[in-house]
$ cat upload_22.cif   # mmCIF, C-alpha atoms and all ligand atoms
data_query
#
loop_
_atom_site.group_PDB
_atom_site.id
_atom_site.type_symbol
_atom_site.label_atom_id
_atom_site.label_comp_id
_atom_site.auth_asym_id
_atom_site.auth_seq_id
_atom_site.Cartn_x
_atom_site.Cartn_y
_atom_site.Cartn_z
ATOM 1 C CA MET A 18 -9.126 12.340 -29.808
ATOM 2 C CA THR A 19 -10.850 10.040 -27.382
ATOM 3 C CA ILE A 20 -10.292 11.305 -23.863
ATOM 4 C CA PHE A 21 -11.266 9.435 -20.702
ATOM 5 C CA ILE A 22 -11.551 11.383 -17.470
ATOM 6 C CA LEU A 23 -11.143 8.980 -14.556
ATOM 7 C CA SER A 24 -13.358 10.442 -11.874
ATOM 8 C CA VAL A 25 -15.919 9.271 -9.343
ATOM 9 C CA GLY A 26 -18.479 11.876 -10.302
ATOM 10 C CA GLU A 27 -19.622 13.862 -13.322
ATOM 11 C CA HIS A 28 -20.996 16.537 -10.988
ATOM 12 C CA ILE A 29 -17.622 17.386 -9.460
ATOM 13 C CA TYR A 30 -16.683 20.922 -10.580
ATOM 14 C CA SER A 31 -13.227 20.043 -11.982
ATOM 15 C CA THR A 32 -14.485 16.940 -13.799
ATOM 16 C CA LYS A 33 -17.357 18.883 -15.336
ATOM 17 C CA ARG A 34 -15.095 21.731 -16.424
ATOM 18 C CA ILE A 35 -12.540 19.462 -18.115
ATOM 19 C CA TYR A 36 -15.351 17.438 -19.721
ATOM 20 C CA ASN A 37 -17.076 20.535 -21.132
ATOM 21 C CA GLU A 38 -13.859 22.051 -22.479
ATOM 22 C CA ALA A 39 -12.923 18.747 -24.162
ATOM 23 C CA LEU A 40 -16.379 18.567 -25.782
ATOM 24 C CA LYS A 41 -16.152 22.210 -26.888
ATOM 25 C CA ARG A 42 -12.882 21.456 -28.628
ATOM 26 C CA GLY A 43 -14.454 18.575 -30.543
ATOM 27 C CA HIS A 44 -13.115 15.587 -28.649
ATOM 28 C CA ASN A 45 -14.833 12.348 -27.900
ATOM 29 C CA VAL A 46 -14.826 12.471 -24.103
ATOM 30 C CA ARG A 47 -16.125 10.092 -21.468
ATOM 31 C CA ILE A 48 -16.146 10.113 -17.688
ATOM 32 C CA ILE A 49 -15.081 6.727 -16.336
ATOM 33 C CA ASN A 50 -15.635 5.968 -12.688
ATOM 34 C CA HIS A 51 -12.428 4.107 -11.837
ATOM 35 C CA THR A 52 -14.026 2.672 -8.697
ATOM 36 C CA ARG A 53 -16.432 0.795 -10.991
ATOM 37 C CA CYS A 54 -13.685 -0.664 -13.207
ATOM 38 C CA SER A 55 -12.663 -4.318 -12.931
ATOM 39 C CA ILE A 56 -9.306 -5.362 -14.262
ATOM 40 C CA LYS A 57 -8.626 -8.790 -15.698
ATOM 41 C CA LEU A 58 -5.062 -9.962 -16.210
ATOM 42 C CA SER A 59 -4.550 -13.185 -18.113
ATOM 43 C CA GLY A 60 -1.985 -14.718 -20.470
ATOM 44 C CA GLY A 61 -0.070 -11.440 -20.799
ATOM 45 C CA LYS A 62 -3.235 -9.602 -21.865
ATOM 46 C CA ARG A 63 -5.284 -7.073 -19.954
ATOM 47 C CA GLN A 64 -8.883 -5.944 -19.868
ATOM 48 C CA ILE A 65 -10.520 -3.062 -18.064
ATOM 49 C CA ILE A 66 -14.193 -3.862 -17.790
ATOM 50 C CA TYR A 67 -16.531 -0.919 -17.314
ATOM 51 C CA GLN A 68 -20.305 -1.202 -17.581
ATOM 52 C CA GLY A 69 -19.922 -4.579 -19.246
ATOM 53 C CA GLU A 70 -17.438 -3.560 -21.978
ATOM 54 C CA ASN A 71 -13.681 -3.794 -22.266
ATOM 55 C CA ILE A 72 -12.474 -0.176 -22.521
ATOM 56 C CA ILE A 73 -8.711 -0.737 -22.486
ATOM 57 C CA ASN A 74 -8.241 0.071 -26.195
ATOM 58 C CA GLU A 75 -10.655 3.017 -26.363
ATOM 59 C CA PRO A 76 -8.854 6.151 -25.168
ATOM 60 C CA ASP A 77 -5.931 8.040 -26.691
ATOM 61 C CA VAL A 78 -5.521 9.968 -23.463
ATOM 62 C CA ILE A 79 -6.612 9.578 -19.862
ATOM 63 C CA ILE A 80 -6.946 12.372 -17.331
ATOM 64 C CA PRO A 81 -6.856 10.734 -13.890
ATOM 65 C CA ARG A 82 -8.768 12.616 -11.202
ATOM 66 C CA ILE A 83 -8.093 10.132 -8.433
ATOM 67 C CA GLY A 84 -9.199 11.084 -4.929
ATOM 68 C CA ALA A 85 -7.196 10.420 -1.777
ATOM 69 C CA SER A 86 -9.449 7.634 -0.504
ATOM 70 C CA ILE A 87 -9.051 5.296 -3.488
ATOM 71 C CA THR A 88 -5.541 6.117 -4.670
ATOM 72 C CA ARG A 89 -4.157 2.585 -4.962
ATOM 73 C CA HIS A 90 -6.961 1.172 -7.082
ATOM 74 C CA GLY A 91 -7.015 4.364 -9.149
ATOM 75 C CA ALA A 92 -3.263 4.149 -9.756
ATOM 76 C CA ALA A 93 -3.651 0.475 -10.729
ATOM 77 C CA VAL A 94 -6.261 1.396 -13.357
ATOM 78 C CA VAL A 95 -3.967 4.150 -14.669
ATOM 79 C CA LYS A 96 -1.054 1.670 -14.794
ATOM 80 C CA GLU A 97 -3.007 -0.686 -17.082
ATOM 81 C CA PHE A 98 -3.769 2.140 -19.511
ATOM 82 C CA GLU A 99 -0.117 3.234 -19.391
ATOM 83 C CA MET A 100 1.106 -0.265 -20.210
ATOM 84 C CA ASN A 101 -1.279 -0.131 -23.176
ATOM 85 C CA ASN A 102 0.567 3.009 -24.378
ATOM 86 C CA VAL A 103 -2.204 5.449 -23.495
ATOM 87 C CA TYR A 104 -0.943 8.919 -22.580
ATOM 88 C CA SER A 105 -1.830 9.910 -19.018
ATOM 89 C CA THR A 106 -1.699 13.430 -17.569
ATOM 90 C CA ALA A 107 -0.609 11.810 -14.296
ATOM 91 C CA ARG A 108 1.592 8.724 -14.279
ATOM 92 C CA SER A 109 0.485 5.979 -11.906
ATOM 93 C CA LEU A 110 3.795 6.181 -10.061
ATOM 94 C CA GLY A 111 3.420 9.963 -9.800
ATOM 95 C CA ILE A 112 -0.034 9.559 -8.259
ATOM 96 C CA LEU A 113 1.322 7.169 -5.625
ATOM 97 C CA ARG A 114 4.345 9.366 -4.904
ATOM 98 C CA ALA A 115 2.277 12.526 -4.535
ATOM 99 C CA GLN A 116 -0.061 10.866 -2.070
ATOM 100 C CA ASN A 117 2.864 10.201 0.241
ATOM 101 C CA LYS A 118 4.414 13.386 1.623
ATOM 102 C CA ILE A 119 7.568 11.641 2.837
ATOM 103 C CA ARG A 120 8.199 9.971 -0.525
ATOM 104 C CA THR A 121 7.523 13.261 -2.327
ATOM 105 C CA LEU A 122 9.972 15.196 -0.131
ATOM 106 C CA GLN A 123 12.630 12.462 -0.453
ATOM 107 C CA ILE A 124 12.513 12.721 -4.249
ATOM 108 C CA LEU A 125 12.426 16.520 -4.303
ATOM 109 C CA ASN A 126 15.315 16.822 -1.849
ATOM 110 C CA HIS A 127 17.353 14.311 -3.846
ATOM 111 C CA LYS A 128 16.789 16.466 -6.935
ATOM 112 C CA GLU A 129 17.819 19.584 -4.978
ATOM 113 C CA ILE A 130 14.391 21.183 -5.118
ATOM 114 C CA PRO A 131 14.198 23.447 -2.039
ATOM 115 C CA ILE A 132 11.922 22.103 0.731
ATOM 116 C CA PRO A 133 11.529 23.008 4.411
ATOM 117 C CA ASP A 134 13.968 21.048 6.626
ATOM 118 C CA THR A 135 12.221 17.756 7.336
ATOM 119 C CA VAL A 136 12.808 14.905 9.771
ATOM 120 C CA PHE A 137 11.098 11.523 9.917
ATOM 121 C CA SER A 138 11.596 8.512 12.141
ATOM 122 C CA VAL A 139 9.555 5.871 13.951
ATOM 123 C CA ASN A 140 11.699 5.810 17.071
ATOM 124 C CA PRO A 141 9.794 6.876 20.199
ATOM 125 C CA GLU A 142 13.063 6.835 22.185
ATOM 126 C CA ASN A 143 14.608 9.911 20.615
ATOM 127 C CA ILE A 144 11.794 12.372 19.947
ATOM 128 C CA LYS A 145 13.722 15.159 21.693
ATOM 129 C CA GLU A 146 16.644 14.600 19.354
ATOM 130 C CA GLN A 147 14.346 14.677 16.305
ATOM 131 C CA ILE A 148 12.949 18.038 17.381
ATOM 132 C CA GLU A 149 16.456 19.335 18.020
ATOM 133 C CA LEU A 150 17.486 18.296 14.498
ATOM 134 C CA LEU A 151 15.067 20.994 13.354
ATOM 135 C CA GLY A 152 16.479 23.575 15.772
ATOM 136 C CA GLY A 153 13.785 22.985 18.418
ATOM 137 C CA ALA A 154 10.130 24.040 18.676
ATOM 138 C CA PRO A 155 7.947 25.254 17.098
ATOM 139 C CA VAL A 156 7.678 22.397 14.606
ATOM 140 C CA VAL A 157 5.053 21.367 12.096
ATOM 141 C CA ILE A 158 3.883 17.755 12.368
ATOM 142 C CA LYS A 159 2.203 16.152 9.340
ATOM 143 C CA LEU A 160 0.532 12.858 8.711
ATOM 144 C CA GLN A 161 2.252 11.171 5.780
ATOM 145 C CA GLU A 162 -0.987 10.862 3.834
ATOM 146 C CA GLY A 163 -3.093 13.818 4.978
ATOM 147 C CA THR A 164 -4.847 16.182 2.547
ATOM 148 C CA GLN A 165 -6.714 19.487 2.634
ATOM 149 C CA GLY A 166 -4.930 20.585 5.785
ATOM 150 C CA VAL A 167 -6.291 17.723 7.889
ATOM 151 C CA GLY A 168 -3.400 16.060 9.686
ATOM 152 C CA VAL A 169 -1.129 19.129 9.645
ATOM 153 C CA MET A 170 -0.381 20.458 13.143
ATOM 154 C CA LEU A 171 1.715 23.176 14.670
ATOM 155 C CA ALA A 172 3.405 22.282 17.954
ATOM 156 C CA GLU A 173 4.555 25.524 19.551
ATOM 157 C CA SER A 174 6.581 23.994 22.365
ATOM 158 C CA GLU A 175 8.821 20.971 22.679
ATOM 159 C CA LYS A 176 6.455 19.555 25.296
ATOM 160 C CA SER A 177 3.419 19.618 23.013
ATOM 161 C CA ALA A 178 5.461 18.356 20.048
ATOM 162 C CA LYS A 179 6.665 15.402 22.123
ATOM 163 C CA SER A 180 3.168 14.410 23.221
ATOM 164 C CA ILE A 181 1.706 14.686 19.704
ATOM 165 C CA ILE A 182 4.548 12.682 18.150
ATOM 166 C CA ASP A 183 4.308 10.072 20.914
ATOM 167 C CA THR A 184 0.582 9.731 20.278
ATOM 168 C CA PHE A 185 1.028 9.173 16.537
ATOM 169 C CA TYR A 186 3.840 6.662 17.027
ATOM 170 C CA GLY A 187 1.600 4.854 19.523
ATOM 171 C CA MET A 188 -1.173 4.730 16.907
ATOM 172 C CA ASN A 189 1.280 3.422 14.302
ATOM 173 C CA LYS A 190 0.728 6.459 12.082
ATOM 174 C CA SER A 191 3.504 7.635 9.782
ATOM 175 C CA ILE A 192 4.357 11.279 10.327
ATOM 176 C CA LEU A 193 7.001 13.805 9.418
ATOM 177 C CA LEU A 194 8.333 16.807 11.295
ATOM 178 C CA GLN A 195 9.147 20.042 9.577
ATOM 179 C CA GLU A 196 10.654 23.369 10.504
ATOM 180 C CA PHE A 197 7.884 25.934 10.949
ATOM 181 C CA ILE A 198 8.196 28.663 8.326
ATOM 182 C CA LYS A 199 6.759 31.476 10.410
ATOM 183 C CA GLU A 200 7.415 34.155 7.824
ATOM 184 C CA SER A 201 5.136 32.391 5.314
ATOM 185 C CA ASN A 202 2.451 34.124 7.345
ATOM 186 C CA SER A 203 -0.297 31.492 6.875
ATOM 187 C CA GLU A 204 0.068 31.807 3.112
ATOM 188 C CA ASP A 205 1.034 29.364 0.415
ATOM 189 C CA ILE A 206 1.073 29.469 -3.367
ATOM 190 C CA ARG A 207 -0.654 26.932 -5.583
ATOM 191 C CA VAL A 208 1.063 26.631 -8.947
ATOM 192 C CA LEU A 209 -0.715 24.757 -11.722
ATOM 193 C CA VAL A 210 1.787 23.128 -14.029
ATOM 194 C CA ALA A 211 1.199 21.579 -17.465
ATOM 195 C CA GLY A 212 4.362 19.992 -18.858
ATOM 196 C CA ASP A 213 7.076 22.632 -18.956
ATOM 197 C CA LYS A 214 4.736 25.571 -18.374
ATOM 198 C CA VAL A 215 2.842 27.209 -15.542
ATOM 199 C CA ILE A 216 -0.833 27.571 -16.527
ATOM 200 C CA SER A 217 -1.921 29.573 -13.519
ATOM 201 C CA SER A 218 -1.162 30.313 -9.891
ATOM 202 C CA MET A 219 -2.793 31.792 -6.816
ATOM 203 C CA LYS A 220 -1.855 32.746 -3.308
ATOM 204 C CA ARG A 221 -3.937 31.252 -0.497
ATOM 205 C CA LYS A 222 -4.257 32.899 2.873
ATOM 206 C CA GLY A 223 -5.495 31.067 5.964
ATOM 207 C CA LEU A 224 -7.968 32.330 8.518
ATOM 208 C CA GLU A 225 -6.702 34.727 11.190
ATOM 209 C CA ASP A 226 -6.474 31.926 13.773
ATOM 210 C CA ASP A 227 -4.953 29.202 11.571
ATOM 211 C CA PHE A 228 -1.449 28.692 10.138
ATOM 212 C CA ARG A 229 -2.841 26.482 7.342
ATOM 213 C CA SER A 230 -3.928 28.213 4.155
ATOM 214 C CA ASN A 231 -6.020 25.414 2.614
ATOM 215 C CA ILE A 232 -9.277 26.597 1.014
ATOM 216 C CA HIS A 233 -10.956 23.606 2.712
ATOM 217 C CA ARG A 234 -9.866 25.061 6.057
ATOM 218 C CA GLY A 235 -11.413 28.417 5.282
ATOM 219 C CA GLY A 236 -8.506 29.997 3.380
ATOM 220 C CA SER A 237 -9.067 32.446 0.506
ATOM 221 C CA GLY A 238 -7.393 32.787 -2.892
ATOM 222 C CA PHE A 239 -5.643 35.879 -4.273
ATOM 223 C CA LYS A 240 -3.760 36.746 -7.423
ATOM 224 C CA VAL A 241 0.006 36.421 -7.237
ATOM 225 C CA ASN A 242 2.989 37.033 -9.510
ATOM 226 C CA LEU A 243 5.516 34.232 -9.507
ATOM 227 C CA THR A 244 9.232 34.779 -9.843
ATOM 228 C CA ASP A 245 11.058 32.894 -12.595
ATOM 229 C CA THR A 246 12.717 30.759 -9.910
ATOM 230 C CA GLU A 247 9.331 29.804 -8.466
ATOM 231 C CA LYS A 248 8.087 28.807 -11.909
ATOM 232 C CA THR A 249 11.189 26.693 -12.531
ATOM 233 C CA ILE A 250 10.973 24.985 -9.136
ATOM 234 C CA ALA A 251 7.290 24.127 -9.637
ATOM 235 C CA ILE A 252 7.789 22.755 -13.162
ATOM 236 C CA LYS A 253 10.753 20.650 -12.074
ATOM 237 C CA ALA A 254 8.945 19.316 -8.992
ATOM 238 C CA ALA A 255 5.957 18.149 -11.072
ATOM 239 C CA ASN A 256 8.226 16.576 -13.661
ATOM 240 C CA TYR A 257 10.431 14.760 -11.169
ATOM 241 C CA LEU A 258 7.375 13.171 -9.597
ATOM 242 C CA GLY A 259 5.960 12.021 -12.949
ATOM 243 C CA LEU A 260 3.002 14.399 -13.118
ATOM 244 C CA PRO A 261 2.632 16.340 -16.395
ATOM 245 C CA ILE A 262 -0.422 18.087 -14.924
ATOM 246 C CA ALA A 263 -0.023 18.933 -11.237
ATOM 247 C CA GLY A 264 -0.683 21.443 -8.508
ATOM 248 C CA VAL A 265 2.563 22.347 -6.768
ATOM 249 C CA ASP A 266 2.354 24.110 -3.400
ATOM 250 C CA LEU A 267 5.067 26.553 -2.373
ATOM 251 C CA ILE A 268 5.679 28.647 0.711
ATOM 252 C CA ARG A 269 7.843 31.740 0.707
ATOM 253 C CA SER A 270 10.579 31.724 3.347
ATOM 254 C CA LYS A 271 13.692 33.705 4.244
ATOM 255 C CA LYS A 272 15.644 30.998 2.415
ATOM 256 C CA GLY A 273 13.562 31.466 -0.743
ATOM 257 C CA SER A 274 10.474 29.607 -1.933
ATOM 258 C CA LEU A 275 10.107 26.013 -0.744
ATOM 259 C CA VAL A 276 7.948 23.201 -2.115
ATOM 260 C CA ILE A 277 5.719 21.657 0.540
ATOM 261 C CA GLU A 278 3.709 19.249 -1.575
ATOM 262 C CA VAL A 279 2.589 18.246 -5.051
ATOM 263 C CA ASN A 280 -0.999 17.318 -5.885
ATOM 264 C CA SER A 281 -1.769 14.883 -8.693
ATOM 265 C CA THR A 282 -5.438 15.912 -8.827
ATOM 266 C CA PRO A 283 -5.446 19.689 -8.381
ATOM 267 C CA GLY A 284 -8.886 21.229 -7.913
ATOM 268 C CA LEU A 285 -9.952 23.766 -10.548
ATOM 269 C CA GLN A 286 -12.730 25.620 -8.782
ATOM 270 C CA GLY A 287 -10.776 27.845 -6.385
ATOM 271 C CA ILE A 288 -8.094 28.783 -8.872
ATOM 272 C CA GLU A 289 -10.422 29.359 -11.870
ATOM 273 C CA THR A 290 -12.668 31.555 -9.747
ATOM 274 C CA CYS A 291 -9.761 33.524 -8.313
ATOM 275 C CA THR A 292 -7.664 33.986 -11.453
ATOM 276 C CA ARG A 293 -10.325 33.821 -14.200
ATOM 277 C CA VAL A 294 -7.935 31.639 -16.189
ATOM 278 C CA ASN A 295 -9.720 28.909 -18.169
ATOM 279 C CA ILE A 296 -7.720 26.026 -16.753
ATOM 280 C CA GLY A 297 -10.016 23.337 -18.186
ATOM 281 C CA GLU A 298 -9.216 24.623 -21.679
ATOM 282 C CA SER A 299 -5.481 24.913 -20.931
ATOM 283 C CA ILE A 300 -5.394 21.257 -19.860
ATOM 284 C CA ILE A 301 -7.110 20.123 -23.075
ATOM 285 C CA LYS A 302 -4.823 22.319 -25.203
ATOM 286 C CA TYR A 303 -1.807 20.835 -23.456
ATOM 287 C CA ILE A 304 -3.036 17.320 -24.267
ATOM 288 C CA GLU A 305 -3.701 18.265 -27.905
ATOM 289 C CA LYS A 306 -0.127 19.471 -28.262
ATOM 290 C CA LYS A 307 1.267 16.426 -26.546
ATOM 291 C CA CYS A 308 -0.560 13.815 -28.616
ATOM 292 C CA SER A 309 -2.810 15.005 -31.385
ATOM 293 C CA THR A 310 -3.242 11.775 -33.360
ATOM 294 C CA LYS A 311 -3.527 8.066 -32.707
ATOM 295 C CA SER A 312 -0.246 7.594 -34.572
ATOM 296 C CA SER A 313 1.573 9.882 -32.139
ATOM 297 C CA ARG A 314 0.435 7.463 -29.449
ATOM 298 C CA MET A 315 2.343 4.661 -31.121
ATOM 299 C CA LYS A 316 5.541 6.730 -31.129
ATOM 300 C CA ARG A 317 5.441 7.561 -27.412
HETATM 301 N N1 LIG B 401 6.618 23.889 7.251
HETATM 302 C C1 LIG B 401 5.578 24.714 7.257
HETATM 303 N N2 LIG B 401 5.666 25.952 7.806
HETATM 304 C C2 LIG B 401 4.605 26.792 7.828
HETATM 305 N N3 LIG B 401 3.390 26.485 7.321
HETATM 306 C C3 LIG B 401 3.233 25.265 6.749
HETATM 307 C C4 LIG B 401 4.306 24.325 6.673
HETATM 308 N N4 LIG B 401 3.858 23.224 6.050
HETATM 309 C C5 LIG B 401 2.567 23.449 5.760
HETATM 310 N N5 LIG B 401 2.170 24.672 6.167
HETATM 311 C C6 LIG B 401 0.816 25.236 6.004
HETATM 312 O O1 LIG B 401 -0.130 24.186 6.193
HETATM 313 C C7 LIG B 401 -0.894 23.970 4.995
HETATM 314 C C8 LIG B 401 -1.140 22.490 4.789
HETATM 315 O O2 LIG B 401 0.087 21.788 4.623
HETATM 316 P P1 LIG B 401 0.355 20.773 3.424
HETATM 317 O O3 LIG B 401 1.708 20.189 3.612
HETATM 318 O O4 LIG B 401 0.097 21.448 2.130
HETATM 319 O O5 LIG B 401 -0.732 19.621 3.699
HETATM 320 P P2 LIG B 401 -2.129 19.264 2.994
HETATM 321 O O6 LIG B 401 -1.810 18.132 2.080
HETATM 322 O O7 LIG B 401 -3.006 18.825 4.092
HETATM 323 O O8 LIG B 401 -2.607 20.478 2.241
HETATM 324 C C9 LIG B 401 -0.076 24.608 3.886
HETATM 325 O O9 LIG B 401 -0.894 25.033 2.833
HETATM 326 C C10 LIG B 401 0.618 25.779 4.597
HETATM 327 O O10 LIG B 401 -0.233 26.899 4.649
HETATM 328 MG MG MG B 402 -1.511 21.468 0.714
#
$ encode --input "upload_22.cif" --output "structure tokens" --more "lines below"
Ligand SMILES: Nc1ncnc2c1ncn2[C@@H]1O[C@H](COP(=O)(O)OP(=O)(O)O)[C@@H](O)[C@H]1O
Ligand SMILES: [Mg+2]
Amino acid sequence: MTIFILSVGEHIYSTKRIYNEALKRGHNVRIINHTRCSIKLSGGKRQIIYQGENIINEPDVIIPRIGASITRHGAAVVKEFEMNNVYSTARSLGILRAQNKIRTLQILNHKEIPIPDTVFSVNPENIKEQIELLGGAPVVIKLQEGTQGVGVMLAESEKSAKSIIDTFYGMNKSILLQEFIKESNSEDIRVLVAGDKVISSMKRKGLEDDFRSNIHRGGSGFKVNLTDTEKTIAIKAANYLGLPIAGVDLIRSKKGSLVIEVNSTPGLQGIETCTRVNIGESIIKYIEKKCSTKSSRMKR
């Protein structure tokens, strides 16, 4: 198979790992920097120009590894491949949905996937009421498009919540409010999903003085055993968003496990190191099963 990995850098751990595993398994694999792709649309036809050649008809499969800073262009490149019947491990719509926490939670809630109680508004007149809708402080405040723990805040009192929310509304930033799941104990669970299976999972624990468990904020990874319900929730969440390969984040609460977000470009380094599972290989094996020949591409 010809596999394109859409990524800004061949030296990024996850890109390198997927690339090497694809090579090992005998595939023709190329890293395409989507930020260097130009798209031409004309007369109902499309071209994706990369390093002077039109690559639109080359791949059987694309593996988008689109970062948060260039999501829209990345999703547009993915969309062109999709419309050319190329299988993608992350649909363009899924990438856009996952980048937006409000949109993600709207879809998950509609599909009855358990999430923490969430409120969003843009009305500076009724902030008190918004906080009360969540049963009062403490509340978690999140930027709609934050990642890696940046833009996630804990407001312990109504007073501080009000001033933070006011500030973001004043700056025209989209935010959401969420009930604070105290009993999650600065831990969350990253579940790596491929289609209808969980490939691997790890628990992340935040630093002593932080409620966020992100590895980028100093958190550490540990092995964890998932319940069947957690596996089902994670698989469904990824599928509903349109992401065959995804990292689904859960927190454990008194009400059961809740999905807090879904990542369309889950990092491999932390989870491979912690669990010793060869995730790069699992991703390639998943793709092989999904579409082993060019002719299967025509049937999709
Ligand atoms: N409602 C919540 N209650 C308690 N902790 C939370 C809640 N939401 C998020 N967290 C903690 O904050 C971290 C970052 O939040 P998350 O929504 O995953 O944003 P990001 O996209 O920045 O990772 C989570 O990994 C979790 O540890
Ligand atoms: Mg997260």
$ resolve_selection --input "upload_22.cif" --expression "the PyMOL selection byres (((chain A and resi 54-56) around 6) and not hetatm)" --output "mmCIF file with C-alpha atoms, keeping the file's coordinate frame"
data_model
loop_
_atom_site.group_PDB
_atom_site.id
_atom_site.type_symbol
_atom_site.label_atom_id
_atom_site.label_comp_id
_atom_site.auth_asym_id
_atom_site.auth_seq_id
_atom_site.Cartn_x
_atom_site.Cartn_y
_atom_site.Cartn_z
ATOM 1 C CA HIS A 51 -12.428 4.107 -11.837
ATOM 2 C CA THR A 52 -14.026 2.672 -8.697
ATOM 3 C CA ARG A 53 -16.432 0.795 -10.991
ATOM 4 C CA LYS A 57 -8.626 -8.790 -15.698
ATOM 5 C CA GLN A 64 -8.883 -5.944 -19.868
ATOM 6 C CA ILE A 65 -10.520 -3.062 -18.064
ATOM 7 C CA ILE A 66 -14.193 -3.862 -17.790
ATOM 8 C CA TYR A 67 -16.531 -0.919 -17.314
#
$ axis_aligned_box --input "upload_22.cif" --around "range 25-43 of chain A" --padding-each-side "4 Å" --output "lines of an AutoDock Vina configuration file"
center_x = -16.8
center_y = 15.7
center_z = -19.9
size_x = 16.5
size_y = 20.9
size_z = 29.2
$ resolve_selection --input "upload_22.cif" --expression "the PyMOL selection byres (((not hetatm)) within 10 of (chain B and resi 402))" --output "tab-separated table (two decimals) with C-alpha atoms, in the frame of the given file"
chain	number	residue	atom	x	y	z
A	163	GLY	CA	-3.09	13.82	4.98
A	164	THR	CA	-4.85	16.18	2.55
A	165	GLN	CA	-6.71	19.49	2.63
A	166	GLY	CA	-4.93	20.58	5.78
A	167	VAL	CA	-6.29	17.72	7.89
A	169	VAL	CA	-1.13	19.13	9.64
A	205	ASP	CA	1.03	29.36	0.42
A	206	ILE	CA	1.07	29.47	-3.37
A	207	ARG	CA	-0.65	26.93	-5.58
A	229	ARG	CA	-2.84	26.48	7.34
A	230	SER	CA	-3.93	28.21	4.16
A	231	ASN	CA	-6.02	25.41	2.61
A	232	ILE	CA	-9.28	26.60	1.01
A	233	HIS	CA	-10.96	23.61	2.71
A	264	GLY	CA	-0.68	21.44	-8.51
A	265	VAL	CA	2.56	22.35	-6.77
A	266	ASP	CA	2.35	24.11	-3.40
A	267	LEU	CA	5.07	26.55	-2.37
A	277	ILE	CA	5.72	21.66	0.54
A	278	GLU	CA	3.71	19.25	-1.58
A	279	VAL	CA	2.59	18.25	-5.05
A	280	ASN	CA	-1.00	17.32	-5.88
$ resolve_selection --input "upload_22.cif" --expression "the PyMOL selection byres (((chain A and resi 235-251) around 9) and not hetatm)" --output "number ranges by chain"
A: 130-131, 204, 206, 208-210, 213-215, 218-224, 227, 229-234, 252-256, 264-267, 273-276, 279, 287-288, 290-292
$ atom_distance --input "upload_22.cif" --atom1 "atom O2 of ligand LIG 401 (chain B)" --atom2 "CA of Gly152 in chain A"
19.9 Å
$ atom_distance --input "upload_22.cif" --atom1 "CA of Ala172 in chain A" --atom2 "CA of Arg114 in chain A"
26.3 Å
$ closest_residue --input "upload_22.cif" --among "A:Leu125, A:Leu193, A:Ile73, A:Ile296" --to "ligand LIG 401 (chain B)" --atoms "all atoms listed in the file"
A:Leu193
$ residues_around --input "upload_22.cif" --residues "Ala93 in chain A" --least-positions-apart "3" --cutoff "12 Å" --atoms "all atoms listed in the file" --output "list of chain:residue names"
A:Leu23, A:His51, A:Thr52, A:Cys54, A:Ser55, A:Ile56, A:Lys57, A:Leu58, A:Ile65, A:Pro81, A:Ile83, A:Ile87, A:Thr88, A:Arg89, A:His90, A:Lys96, A:Glu97, A:Phe98, A:Glu99, A:Met100, A:Arg108, A:Ser109, A:Leu110, A:Gly111, A:Ile112, A:Leu113
$ closest_residue --input "upload_22.cif" --among "A:Leu285, A:Leu258, A:Met170, A:Ile119" --to "Thr32 in chain A" --atoms "all atoms listed in the file"
A:Leu285
$ atom_distance --input "upload_22.cif" --atom1 "CA of Ala85 in chain A" --atom2 "CA of Thr282 in chain A"
9.1 Å
$ closest_residue --input "upload_22.cif" --among "A:Pro133, A:Gly297, A:Gly187, A:Gly60" --to "ligand LIG 401 (chain B)" --atoms "all atoms listed in the file"
A:Pro133
$ closest_residue --input "upload_22.cif" --among "A:Glu142, A:Glu27, A:Glu200, A:Glu149" --to "ligand LIG 401 (chain B)" --atoms "all atoms listed in the file"
A:Glu200
$ closest_residue --input "upload_22.cif" --among "A:Phe197, A:Tyr104, A:Phe21, A:Tyr30" --to "ligand LIG 401 (chain B)" --atoms "only C-alpha atoms and all ligand atoms"
A:Phe197
$ closest_residue --input "upload_22.cif" --among "A:Lys176, A:Lys159, A:Lys145, A:Lys62" --to "ligand LIG 401 (chain B)" --atoms "only C-alpha atoms and all ligand atoms"
A:Lys159
$ residues_around --input "upload_22.cif" --residues "Val78 in chain A" --least-positions-apart "6" --cutoff "9 Å" --atoms "only C-alpha atoms" --output "VMD selection string"
chain A and resid 18 to 22 98 103 to 106 304 308 314
$ build_atoms --input "upload_22.cif" --residues "range 41-46 of chain A" --atoms "N, CA and C atoms" --output "CSV table (one decimal), in the coordinates of the input"
chain,number,residue,atom,x,y,z
A,41,LYS,N,-16.2,21.0,-26.1
A,41,LYS,CA,-16.2,22.2,-26.9
A,41,LYS,C,-15.1,22.2,-28.0
A,42,ARG,N,-14.0,21.5,-27.7
A,42,ARG,CA,-12.9,21.5,-28.6
A,42,ARG,C,-13.0,20.2,-29.5
A,43,GLY,N,-14.2,19.6,-29.5
A,43,GLY,CA,-14.5,18.6,-30.5
A,43,GLY,C,-13.9,17.2,-30.2
A,44,HIS,N,-13.6,16.9,-29.0
A,44,HIS,CA,-13.1,15.6,-28.6
A,44,HIS,C,-14.2,14.7,-28.2
A,45,ASN,N,-13.9,13.4,-28.4
A,45,ASN,CA,-14.8,12.3,-27.9
A,45,ASN,C,-14.4,12.1,-26.4
A,46,VAL,N,-15.3,12.5,-25.5
A,46,VAL,CA,-14.8,12.5,-24.1
A,46,VAL,C,-15.8,11.7,-23.2
